[in-house]
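Following: one structure in C-alpha cells, then a few remarks.
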Amino acid sequence: MVDGKSKPGRRRTVAQLLPALESGGVERSTLEIAEALVRAGHRAIVVSAGGRLVPRLEALGAEHITLDIGRKSPLTLLRARALRRLFERERVDLVHARSRLPAWVVVLALRGMPDVARPPASSPRASRPPASRPCFVTTVHGLNSPSRYSAVMTRGERVVCVSATVRDYVLRHYPDTDVSKLRVIPRGIDPSAFPPAPLPDPDARAWAAALHSALDGDGPLLLLPGRGTRLKGHADALLLLAALRGDGLDARLWLPGAREAGRETYIAELEAEAAQLGIADALAFTAPTDAIARAYAASDLVLQLSRKPEAFGRTVIEALSCNRPVLGWAHGGVGELLAELQPVGAVPAFDTDALHRTAAAMLARPSSAAGTMSGYTLHAMQNATLAVYDELLD
C-alpha cells in the first residue's frame with residue numbers, strides 16, 4: 001500500500017474508529033489516512049457517531065458507518081456485539097482505533113471472533129493467514145492520564161505514537177508494553193497549504209491590520225493560535241507582550257481561536273489582565289480563522305506556550321513551513337520539534353525571564369532557521385501509516 005500503490009493481492013478493507021467526525025487533529029488524521037487508502041485502491045471505512053466532516057470523508061471515496069462508540073457511558077461497551085457483526089458483514093481486514101472508548105469496544109468485539117497467529121512485530125513481512133478476525137492497530141494521539149482505561153491504547157498489534165514524546169510516555173507509564181510493536185509516525189502537513197512567505201510580509205500584515213485595529217502598527221507581530229483555554233498559555237503571552245513593549249518595541253499580539261462560544265468569562269479575565277498590564281490596545285482576541293497560513297505570514301514570531309505538554313505540536317511545523325520562527329516551552333512534543341528543527345526557540349518551561357530574553361533576541365535577528373521538514377509532510381505520514389498496515393496484512 002505504500003506510495004499510494006496497491007501491492008499484489010486482494011483489495012483490503014480498513015476500518016478506522018473514533019467517537020465522532022466533528023473537528024480536531026484526530027479527525028483530520030482519520031480523513032488523511034482514508035484518502036491514502038482510497039488512493040491506494042483499498043476500501044476505507046470510518047465508524048463513528050457522525051458529524052460535520054462526514055460529507056468531506058465521503059467525497060474522498062471513503063465510507064461512513066454510523067455507530068455511537070464514543071459516548072462516555074458503560075452502556076457504550078454493549079455496542080461490541082454490533083461492532084463484531086459489522087466487522088463480519090463488511091469483511092474488515094484491519095481495524096484502527098484512534099480513541100480510548102472505541103478501542104475498548106473493539107477489544108470486546110474481537111473477543112468473539114476467531115483468533116489466528118499474527119506475524120511478530122520483529123518480522124514485519126511475515127505472512128498472515130486469512131481469518132475473519134481483523135488485525136488491530138491503535139494510535140496514541142495524546143498524553144492521557146495513566147490508567148487502566150488509557151492502557152487500552154497499548155493493546156494494538158501495532159501501536160502508532162505521534163511523536164517520540166508519546167512513545168517515551170507509553171513506555172514510562174506502561175512498562176509491560178512490547179517496545180517492538182511501537183511505531184513513531186509524526187503527524188504531517190501539506191507543504192502547499194503552508195507555503196514559505198517573505199519575512200516580513202507587508203501584504204499579509206496589512207490584511208491582519210484590516211481584520212483588527214490592534215494589529216495595525218510598525219512593530220513586530222506575535223501570533224499565538226489556539227483555543228480559548230488556560231492550557232494554551234495566553235497569560236504567559238500577555239506577560240511577554242508587556243515585557244517587549246516595556247523595552248520600547250511597538251509589539252502586537254494576535255490570539256486567533258481564543259474568542260469562541262462558552263469562553264466569555266475566560267476572555268474577560270484576560271482582557272482585565274491586559275488592561276492592568278497596559279497592553280489592551282496592542283492585543284487582539286479573535287475567533288478561529290480558516291486563513292491560518294496567512295496569519296503565520298503576517299506575524300514576525302509564532303508562540304507555542306501550552307502549559308500542559310502536548311503530544312505533538314502541529315503549530316511548530318506549520319509556522320516553520322511558512323518561514324516563521326517559533327518560540328515555545330521546551331517540553332512535550334513542542335520541545336521535541338524545536339530541539340530538532342529550531343533549537344534557538346526552545347525555552348525552559350515557564351521561565352518567563354528566559355522567554356522575554358529569547359523573544360527579544362529572535363526579533364532582533366529574524367530567521368526561521370528551520371531544519372529539514374521532509375519527515376513532517378502529509379505524504380510521509382500517510383505512507384508510514386500504510387506501511388504499518390502492510391506489516392500485518394502483507
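Every chain in the C-alpha cells takes a letter, A first, then B, and so on in the order presented; its residues are numbered from 1, and the ligands are numbered from 1 following the presented order.
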Contacts of stretch 230-243 of chain A within 10 Å, only C-alpha atoms, excl. fewer than 5 positions in-chain, as a PDB file with N, CA and C atoms, in the first residue's frame:
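The file below, around30.pdb, is the result:
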ATOM      1  N   LEU A 221       4.768  41.622  15.137  1.00  0.00           N
ATOM      2  CA  LEU A 221       3.501  40.976  15.466  1.00  0.00           C
ATOM      3  C   LEU A 221       3.774  39.572  15.976  1.00  0.00           C
ATOM      4  N   LEU A 222       3.308  39.291  17.182  1.00  0.00           N
ATOM      5  CA  LEU A 222       3.396  37.955  17.768  1.00  0.00           C
ATOM      6  C   LEU A 222       2.074  37.235  17.549  1.00  0.00           C
ATOM      7  N   LEU A 223       2.143  35.958  17.286  1.00  0.00           N
ATOM      8  CA  LEU A 223       0.944  35.165  16.996  1.00  0.00           C
ATOM      9  C   LEU A 223       0.914  33.941  17.902  1.00  0.00           C
ATOM     10  N   LEU A 224      -0.206  33.758  18.612  1.00  0.00           N
ATOM     11  CA  LEU A 224      -0.404  32.546  19.392  1.00  0.00           C
ATOM     12  C   LEU A 224      -1.764  31.956  19.017  1.00  0.00           C
ATOM     13  N   PRO A 225      -1.794  31.028  18.047  1.00  0.00           N
ATOM     14  CA  PRO A 225      -3.059  30.406  17.669  1.00  0.00           C
ATOM     15  C   PRO A 225      -3.446  29.323  18.673  1.00  0.00           C
ATOM     16  N   GLY A 248      10.409  49.143  24.731  1.00  0.00           N
ATOM     17  CA  GLY A 248      10.291  50.190  23.726  1.00  0.00           C
ATOM     18  C   GLY A 248       9.842  49.696  22.368  1.00  0.00           C
ATOM     19  N   LEU A 249       9.575  48.390  22.237  1.00  0.00           N
ATOM     20  CA  LEU A 249       9.090  47.839  20.969  1.00  0.00           C
ATOM     21  C   LEU A 249       7.586  48.067  20.846  1.00  0.00           C
ATOM     22  N   ASP A 250       7.126  48.428  19.654  1.00  0.00           N
ATOM     23  CA  ASP A 250       5.692  48.563  19.399  1.00  0.00           C
ATOM     24  C   ASP A 250       5.132  47.188  19.024  1.00  0.00           C
ATOM     25  N   ALA A 251       5.347  46.206  19.901  1.00  0.00           N
ATOM     26  CA  ALA A 251       4.926  44.831  19.631  1.00  0.00           C
ATOM     27  C   ALA A 251       3.416  44.692  19.753  1.00  0.00           C
ATOM     28  N   ARG A 252       2.851  43.798  18.965  1.00  0.00           N
ATOM     29  CA  ARG A 252       1.419  43.491  18.977  1.00  0.00           C
ATOM     30  C   ARG A 252       1.255  41.984  19.139  1.00  0.00           C
ATOM     31  N   LEU A 253       0.094  41.570  19.652  1.00  0.00           N
ATOM     32  CA  LEU A 253      -0.158  40.147  19.881  1.00  0.00           C
ATOM     33  C   LEU A 253      -1.528  39.774  19.333  1.00  0.00           C
ATOM     34  N   TRP A 254      -1.561  38.746  18.507  1.00  0.00           N
ATOM     35  CA  TRP A 254      -2.806  38.236  17.921  1.00  0.00           C
ATOM     36  C   TRP A 254      -3.053  36.837  18.466  1.00  0.00           C
ATOM     37  N   LEU A 255      -4.260  36.611  18.970  1.00  0.00           N
ATOM     38  CA  LEU A 255      -4.643  35.323  19.549  1.00  0.00           C
ATOM     39  C   LEU A 255      -5.834  34.739  18.786  1.00  0.00           C
ATOM     40  N   ALA A 258      -8.898  32.179  20.249  1.00  0.00           N
ATOM     41  CA  ALA A 258      -9.165  32.339  21.685  1.00  0.00           C
ATOM     42  C   ALA A 258     -10.608  32.736  21.958  1.00  0.00           C
ATOM     43  N   TYR A 266     -13.488  33.551  30.515  1.00  0.00           N
ATOM     44  CA  TYR A 266     -12.028  33.448  30.420  1.00  0.00           C
ATOM     45  C   TYR A 266     -11.453  34.633  29.655  1.00  0.00           C
ATOM     46  N   ILE A 267     -12.070  34.997  28.543  1.00  0.00           N
ATOM     47  CA  ILE A 267     -11.581  36.126  27.759  1.00  0.00           C
ATOM     48  C   ILE A 267     -11.691  37.428  28.560  1.00  0.00           C
ATOM     49  N   GLU A 269     -11.380  37.724  31.731  1.00  0.00           N
ATOM     50  CA  GLU A 269     -10.259  37.715  32.674  1.00  0.00           C
ATOM     51  C   GLU A 269      -8.974  38.176  31.988  1.00  0.00           C
ATOM     52  N   LEU A 270      -8.747  37.666  30.785  1.00  0.00           N
ATOM     53  CA  LEU A 270      -7.537  38.047  30.059  1.00  0.00           C
ATOM     54  C   LEU A 270      -7.572  39.524  29.675  1.00  0.00           C
ATOM     55  N   GLU A 271      -8.740  40.018  29.288  1.00  0.00           N
ATOM     56  CA  GLU A 271      -8.851  41.429  28.934  1.00  0.00           C
ATOM     57  C   GLU A 271      -8.591  42.326  30.143  1.00  0.00           C
ATOM     58  N   GLU A 273      -6.666  41.497  32.680  1.00  0.00           N
ATOM     59  CA  GLU A 273      -5.223  41.403  32.907  1.00  0.00           C
ATOM     60  C   GLU A 273      -4.458  42.284  31.929  1.00  0.00           C
ATOM     61  N   ALA A 274      -4.898  42.307  30.669  1.00  0.00           N
ATOM     62  CA  ALA A 274      -4.237  43.140  29.663  1.00  0.00           C
ATOM     63  C   ALA A 274      -4.363  44.614  30.008  1.00  0.00           C
ATOM     64  N   LEU A 277      -1.951  45.465  32.671  1.00  0.00           N
ATOM     65  CA  LEU A 277      -0.576  45.497  32.164  1.00  0.00           C
ATOM     66  C   LEU A 277      -0.347  46.669  31.211  1.00  0.00           C
ATOM     67  N   GLY A 278      -1.427  47.328  30.808  1.00  0.00           N
ATOM     68  CA  GLY A 278      -1.300  48.462  29.891  1.00  0.00           C
ATOM     69  C   GLY A 278      -1.083  48.070  28.452  1.00  0.00           C
ATOM     70  N   ILE A 279      -1.581  46.888  28.052  1.00  0.00           N
ATOM     71  CA  ILE A 279      -1.346  46.406  26.682  1.00  0.00           C
ATOM     72  C   ILE A 279      -2.654  46.152  25.931  1.00  0.00           C
ATOM     73  N   ALA A 280      -3.761  46.602  26.467  1.00  0.00           N
ATOM     74  CA  ALA A 280      -5.062  46.280  25.864  1.00  0.00           C
ATOM     75  C   ALA A 280      -5.161  46.737  24.419  1.00  0.00           C
ATOM     76  N   ALA A 282      -2.903  46.796  22.225  1.00  0.00           N
ATOM     77  CA  ALA A 282      -1.957  46.092  21.344  1.00  0.00           C
ATOM     78  C   ALA A 282      -2.269  44.608  21.269  1.00  0.00           C
ATOM     79  N   LEU A 283      -3.528  44.266  21.538  1.00  0.00           N
ATOM     80  CA  LEU A 283      -3.899  42.867  21.724  1.00  0.00           C
ATOM     81  C   LEU A 283      -5.204  42.567  20.999  1.00  0.00           C
ATOM     82  N   LEU A 303       4.173  31.896  18.710  1.00  0.00           N
ATOM     83  CA  LEU A 303       4.333  31.390  20.071  1.00  0.00           C
ATOM     84  C   LEU A 303       3.627  30.058  20.246  1.00  0.00           C
ATOM     85  N   GLN A 304       4.244  29.160  21.009  1.00  0.00           N
ATOM     86  CA  GLN A 304       3.630  27.890  21.397  1.00  0.00           C
ATOM     87  C   GLN A 304       3.911  27.714  22.884  1.00  0.00           C
ATOM     88  N   LEU A 305       2.968  28.156  23.714  1.00  0.00           N
ATOM     89  CA  LEU A 305       3.212  28.255  25.153  1.00  0.00           C
ATOM     90  C   LEU A 305       2.260  27.392  25.970  1.00  0.00           C
ATOM     91  N   SER A 306       1.877  26.246  25.456  1.00  0.00           N
ATOM     92  CA  SER A 306       0.939  25.371  26.169  1.00  0.00           C
ATOM     93  C   SER A 306       1.477  25.028  27.549  1.00  0.00           C
ATOM     94  N   ARG A 307       0.641  25.200  28.550  1.00  0.00           N
ATOM     95  CA  ARG A 307       1.048  24.907  29.927  1.00  0.00           C
ATOM     96  C   ARG A 307       1.163  23.406  30.165  1.00  0.00           C
ATOM     97  N   LYS A 308       0.415  22.627  29.425  1.00  0.00           N
ATOM     98  CA  LYS A 308       0.468  21.171  29.531  1.00  0.00           C
ATOM     99  C   LYS A 308       1.245  20.634  28.339  1.00  0.00           C
ATOM    100  N   PRO A 309       2.225  19.757  28.565  1.00  0.00           N
ATOM    101  CA  PRO A 309       2.983  19.215  27.432  1.00  0.00           C
ATOM    102  C   PRO A 309       2.047  18.607  26.386  1.00  0.00           C
ATOM    103  N   GLU A 310       2.287  18.941  25.136  1.00  0.00           N
ATOM    104  CA  GLU A 310       1.466  18.421  24.054  1.00  0.00           C
ATOM    105  C   GLU A 310       2.106  17.180  23.455  1.00  0.00           C
ATOM    106  N   TRP A 329       7.765  26.704  24.896  1.00  0.00           N
ATOM    107  CA  TRP A 329       8.278  25.986  26.064  1.00  0.00           C
ATOM    108  C   TRP A 329       8.869  24.646  25.615  1.00  0.00           C
ATOM    109  N   PHE A 350       8.130  27.570  31.453  1.00  0.00           N
ATOM    110  CA  PHE A 350       7.596  28.536  32.424  1.00  0.00           C
ATOM    111  C   PHE A 350       8.643  29.524  32.959  1.00  0.00           C
ATOM    112  N   ASP A 351       9.807  29.596  32.305  1.00  0.00           N
ATOM    113  CA  ASP A 351      10.813  30.583  32.673  1.00  0.00           C
ATOM    114  C   ASP A 351      10.498  31.858  31.887  1.00  0.00           C
ATOM    115  N   THR A 352       9.702  32.746  32.473  1.00  0.00           N
ATOM    116  CA  THR A 352       9.235  33.928  31.747  1.00  0.00           C
ATOM    117  C   THR A 352      10.364  34.907  31.439  1.00  0.00           C
ATOM    118  N   ASP A 353      11.372  34.976  32.289  1.00  0.00           N
ATOM    119  CA  ASP A 353      12.513  35.854  32.002  1.00  0.00           C
ATOM    120  C   ASP A 353      13.268  35.365  30.772  1.00  0.00           C
ATOM    121  N   LEU A 355      12.008  33.550  28.443  1.00  0.00           N
ATOM    122  CA  LEU A 355      11.109  33.749  27.302  1.00  0.00           C
ATOM    123  C   LEU A 355      11.273  35.164  26.748  1.00  0.00           C
ATOM    124  N   HIS A 356      11.318  36.123  27.635  1.00  0.00           N
ATOM    125  CA  HIS A 356      11.483  37.528  27.226  1.00  0.00           C
ATOM    126  C   HIS A 356      12.823  37.732  26.521  1.00  0.00           C
ATOM    127  N   ARG A 357      13.885  37.236  27.118  1.00  0.00           N
ATOM    128  CA  ARG A 357      15.212  37.424  26.518  1.00  0.00           C
ATOM    129  C   ARG A 357      15.293  36.767  25.144  1.00  0.00           C
ATOM    130  N   ALA A 359      12.786  35.954  23.077  1.00  0.00           N
ATOM    131  CA  ALA A 359      11.928  36.643  22.111  1.00  0.00           C
ATOM    132  C   ALA A 359      12.619  37.898  21.587  1.00  0.00           C
ATOM    133  N   ALA A 360      13.218  38.692  22.486  1.00  0.00           N
ATOM    134  CA  ALA A 360      13.896  39.913  22.068  1.00  0.00           C
ATOM    135  C   ALA A 360      15.042  39.605  21.110  1.00  0.00           C
TER     136      ALA A 360
END
Excluding same-chain residues fewer than 3 positions from stretch 208-211 of chain A, what lies within 10 Å of it counting only C-alpha atoms, as a list in words?
Pro202, Asp203, Ala204, Arg205, Ala214, Leu215, Asp216, Gly217, Leu221, Trp254, Ala284, Thr286, Arg294, Ala295, Ala297, Ala298 and Ser299 of chain A
Let's have the selection written as a short mmCIF file (atom, residue, chain, number, x, y, z; two decimals), in the first residue's frame, with C-alpha atoms.
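Final file, selection.cif:
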data_model
loop_
_atom_site.label_atom_id
_atom_site.label_comp_id
_atom_site.auth_asym_id
_atom_site.auth_seq_id
_atom_site.Cartn_x
_atom_site.Cartn_y
_atom_site.Cartn_z
CA PRO A 202 3.79 43.62 4.25
CA ASP A 203 0.71 42.41 2.34
CA ALA A 204 -0.16 39.79 4.95
CA ARG A 205 0.41 42.29 7.76
CA ALA A 214 -4.95 46.44 17.40
CA LEU A 215 -2.78 44.67 14.84
CA ASP A 216 -2.02 47.88 12.96
CA GLY A 217 1.46 49.04 13.85
CA LEU A 221 3.50 40.98 15.47
CA TRP A 254 -2.81 38.24 17.92
CA ALA A 284 -6.46 41.08 19.52
CA THR A 286 -10.38 36.76 17.64
CA ARG A 294 -1.84 33.87 6.02
CA ALA A 295 -1.91 34.64 9.75
CA ALA A 297 2.75 35.09 7.16
CA ALA A 298 1.50 38.27 8.85
CA SER A 299 3.45 37.52 12.01
#
Within 9 Å of A:Leu363, counting only C-alpha atoms, which residues show up once you throw out same-chain ones fewer than 5 positions away? Write them as JSON, numbers by chain, please.
{"A": [220, 300, 301, 358]}
Export of the given selection (N, CA and C atoms) as a CSV table (one decimal), in the first residue's frame:
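The resulting result_21.csv:
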chain,number,residue,atom,x,y,z
A,220,PRO,N,6.8,44.5,15.7
A,220,PRO,CA,6.6,43.1,15.4
A,220,PRO,C,5.3,42.6,15.9
A,300,ASP,N,5.6,38.0,12.9
A,300,ASP,CA,7.1,38.0,13.0
A,300,ASP,C,7.6,36.9,13.9
A,301,LEU,N,6.8,36.4,14.8
A,301,LEU,CA,7.2,35.4,15.7
A,301,LEU,C,5.9,34.6,16.2
A,358,THR,N,14.8,35.6,25.0
A,358,THR,CA,14.8,34.8,23.8
A,358,THR,C,14.0,35.5,22.7
Which of these residues is nearest to A:Pro200, using only C-alpha atoms: A:Arg12, A:Val326, A:Tyr169, A:Ser367?
A:Ser367
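Relative to atom CA of A:Glu22, atom CA of A:Ser321 is found at 26.1 Å.
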Among A:His331, A:Arg89, A:His64, A:Arg314, A:Ala346 is approached most closely, using only C-alpha atoms, by A:His331
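Checking A:Val92, A:Val347, A:Leu327, A:Leu77 one by one against A:Val107, counting only C-alpha atoms, you find the shortest gap at A:Leu77.
Between atom CA of A:Gly41 and atom CA of A:Pro55 lies a distance of 20.1 Å.
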Applying 9 Å and only C-alpha atoms, which residues near A:Gly25 remain after dropping the ones on its own chain fewer than 2 positions away? List them as a short mmCIF file (atom, residue, chain, number, x, y, z; two decimals) with C-alpha atoms, in the first residue's frame.
data_model
loop_
_atom_site.label_atom_id
_atom_site.label_comp_id
_atom_site.auth_asym_id
_atom_site.auth_seq_id
_atom_site.Cartn_x
_atom_site.Cartn_y
_atom_site.Cartn_z
CA SER A 23 -13.27 18.68 14.13
CA GLU A 27 -10.43 13.64 12.90
CA ARG A 28 -8.06 15.27 10.42
CA SER A 29 -5.68 12.31 10.60
CA THR A 30 -8.58 9.90 10.09
CA HIS A 141 -2.69 10.74 19.87
CA ARG A 187 1.66 13.99 12.11
CA ARG A 314 1.43 20.92 14.88
#
In stretch 235-298 of chain A, DSSP strand (DSSP E or B) residues written as a ChimeraX atom specification
/A:252-256,283-286
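We find atom CA of A:Ser147 and atom CA of A:Leu94 to be spaced 25.9 Å apart.
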In stretch 128-367 of chain A, what's alpha helix (DSSP H) per DSSP? Answer as a ChimeraX atom specification?
/A:164-173,202-211,234-246,264-277,292-298,314-321,332-341,352-364
Can you pull out the residues contacting stretch 287-293 of chain A? Cut-off 6 Å, using only C-alpha atoms, and skip same-chain residues under 6 positions away; I want them as a ChimeraX atom specification.
/A:194,256-257,259-260
File of the preceding selection, N, CA and C atoms, as a short mmCIF file (atom, residue, chain, number, x, y, z; two decimals), in the first residue's frame:
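out.cif was written with the following content:
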data_model
loop_
_atom_site.label_atom_id
_atom_site.label_comp_id
_atom_site.auth_asym_id
_atom_site.auth_seq_id
_atom_site.Cartn_x
_atom_site.Cartn_y
_atom_site.Cartn_z
N PHE A 194 0.90 25.47 3.42
CA PHE A 194 1.67 26.36 4.30
C PHE A 194 2.94 26.79 3.57
N PRO A 256 -5.64 34.26 17.56
CA PRO A 256 -6.75 33.69 16.80
C PRO A 256 -7.22 32.36 17.40
N GLY A 257 -8.50 32.22 17.54
CA GLY A 257 -9.06 30.99 18.12
C GLY A 257 -9.41 31.13 19.59
N ARG A 259 -11.18 33.55 21.07
CA ARG A 259 -12.55 34.03 21.28
C ARG A 259 -13.52 33.03 20.65
N GLU A 260 -14.20 32.28 21.49
CA GLU A 260 -15.16 31.29 21.00
C GLU A 260 -16.29 31.15 22.01
#
Can you work out which one of A:Arg133, A:Arg111, A:Lys181, A:Arg43 has the shortest atom-to-atom distance to A:Val388, counting only C-alpha atoms?
A:Lys181
List the spatial neighbours of stretch 65-73 of chain A as a list in words - criterion: any atom at most 8 Å away, only C-alpha atoms, same-chain residues fewer than 3 positions off excluded.
Leu18, Pro19, Ala20, Ile45, Val46, Val47, Ser48, Ala49, Gly50, Thr76, Leu77, Arg79, Leu101, Pro102 and Val105 of chain A
Find the nearest atom pair between each residue of stretch 296-368 of chain A and stretch 372-382 of chain A for residues within 9 Å, count only C-alpha atoms, give distances in Å to one decimal, sort rows by chain and ascending number, and present the table as a tab-separated table.
residue	atom	partner	partner_atom	distance
A:Ile317	CA	A:Tyr376	CA	7.3
A:Leu320	CA	A:Met373	CA	8.5
A:Ser321	CA	A:Met373	CA	7.5
A:Glu340	CA	A:Thr372	CA	8.9
A:Leu341	CA	A:Thr372	CA	7.0
Residue selection dump (C-alpha atoms) as a compact mmCIF listing (two decimals), in the first residue's frame:
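Saved result, out-v5.txt, follows:
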# COMPACT_ATOMS: atom_id res chain seq x y z
CA ILE A 317 5.76 22.65 11.74
CA LEU A 320 8.23 26.82 10.17
CA SER A 321 6.84 25.69 6.81
CA GLU A 340 15.24 19.14 16.11
CA LEU A 341 14.07 21.92 13.81
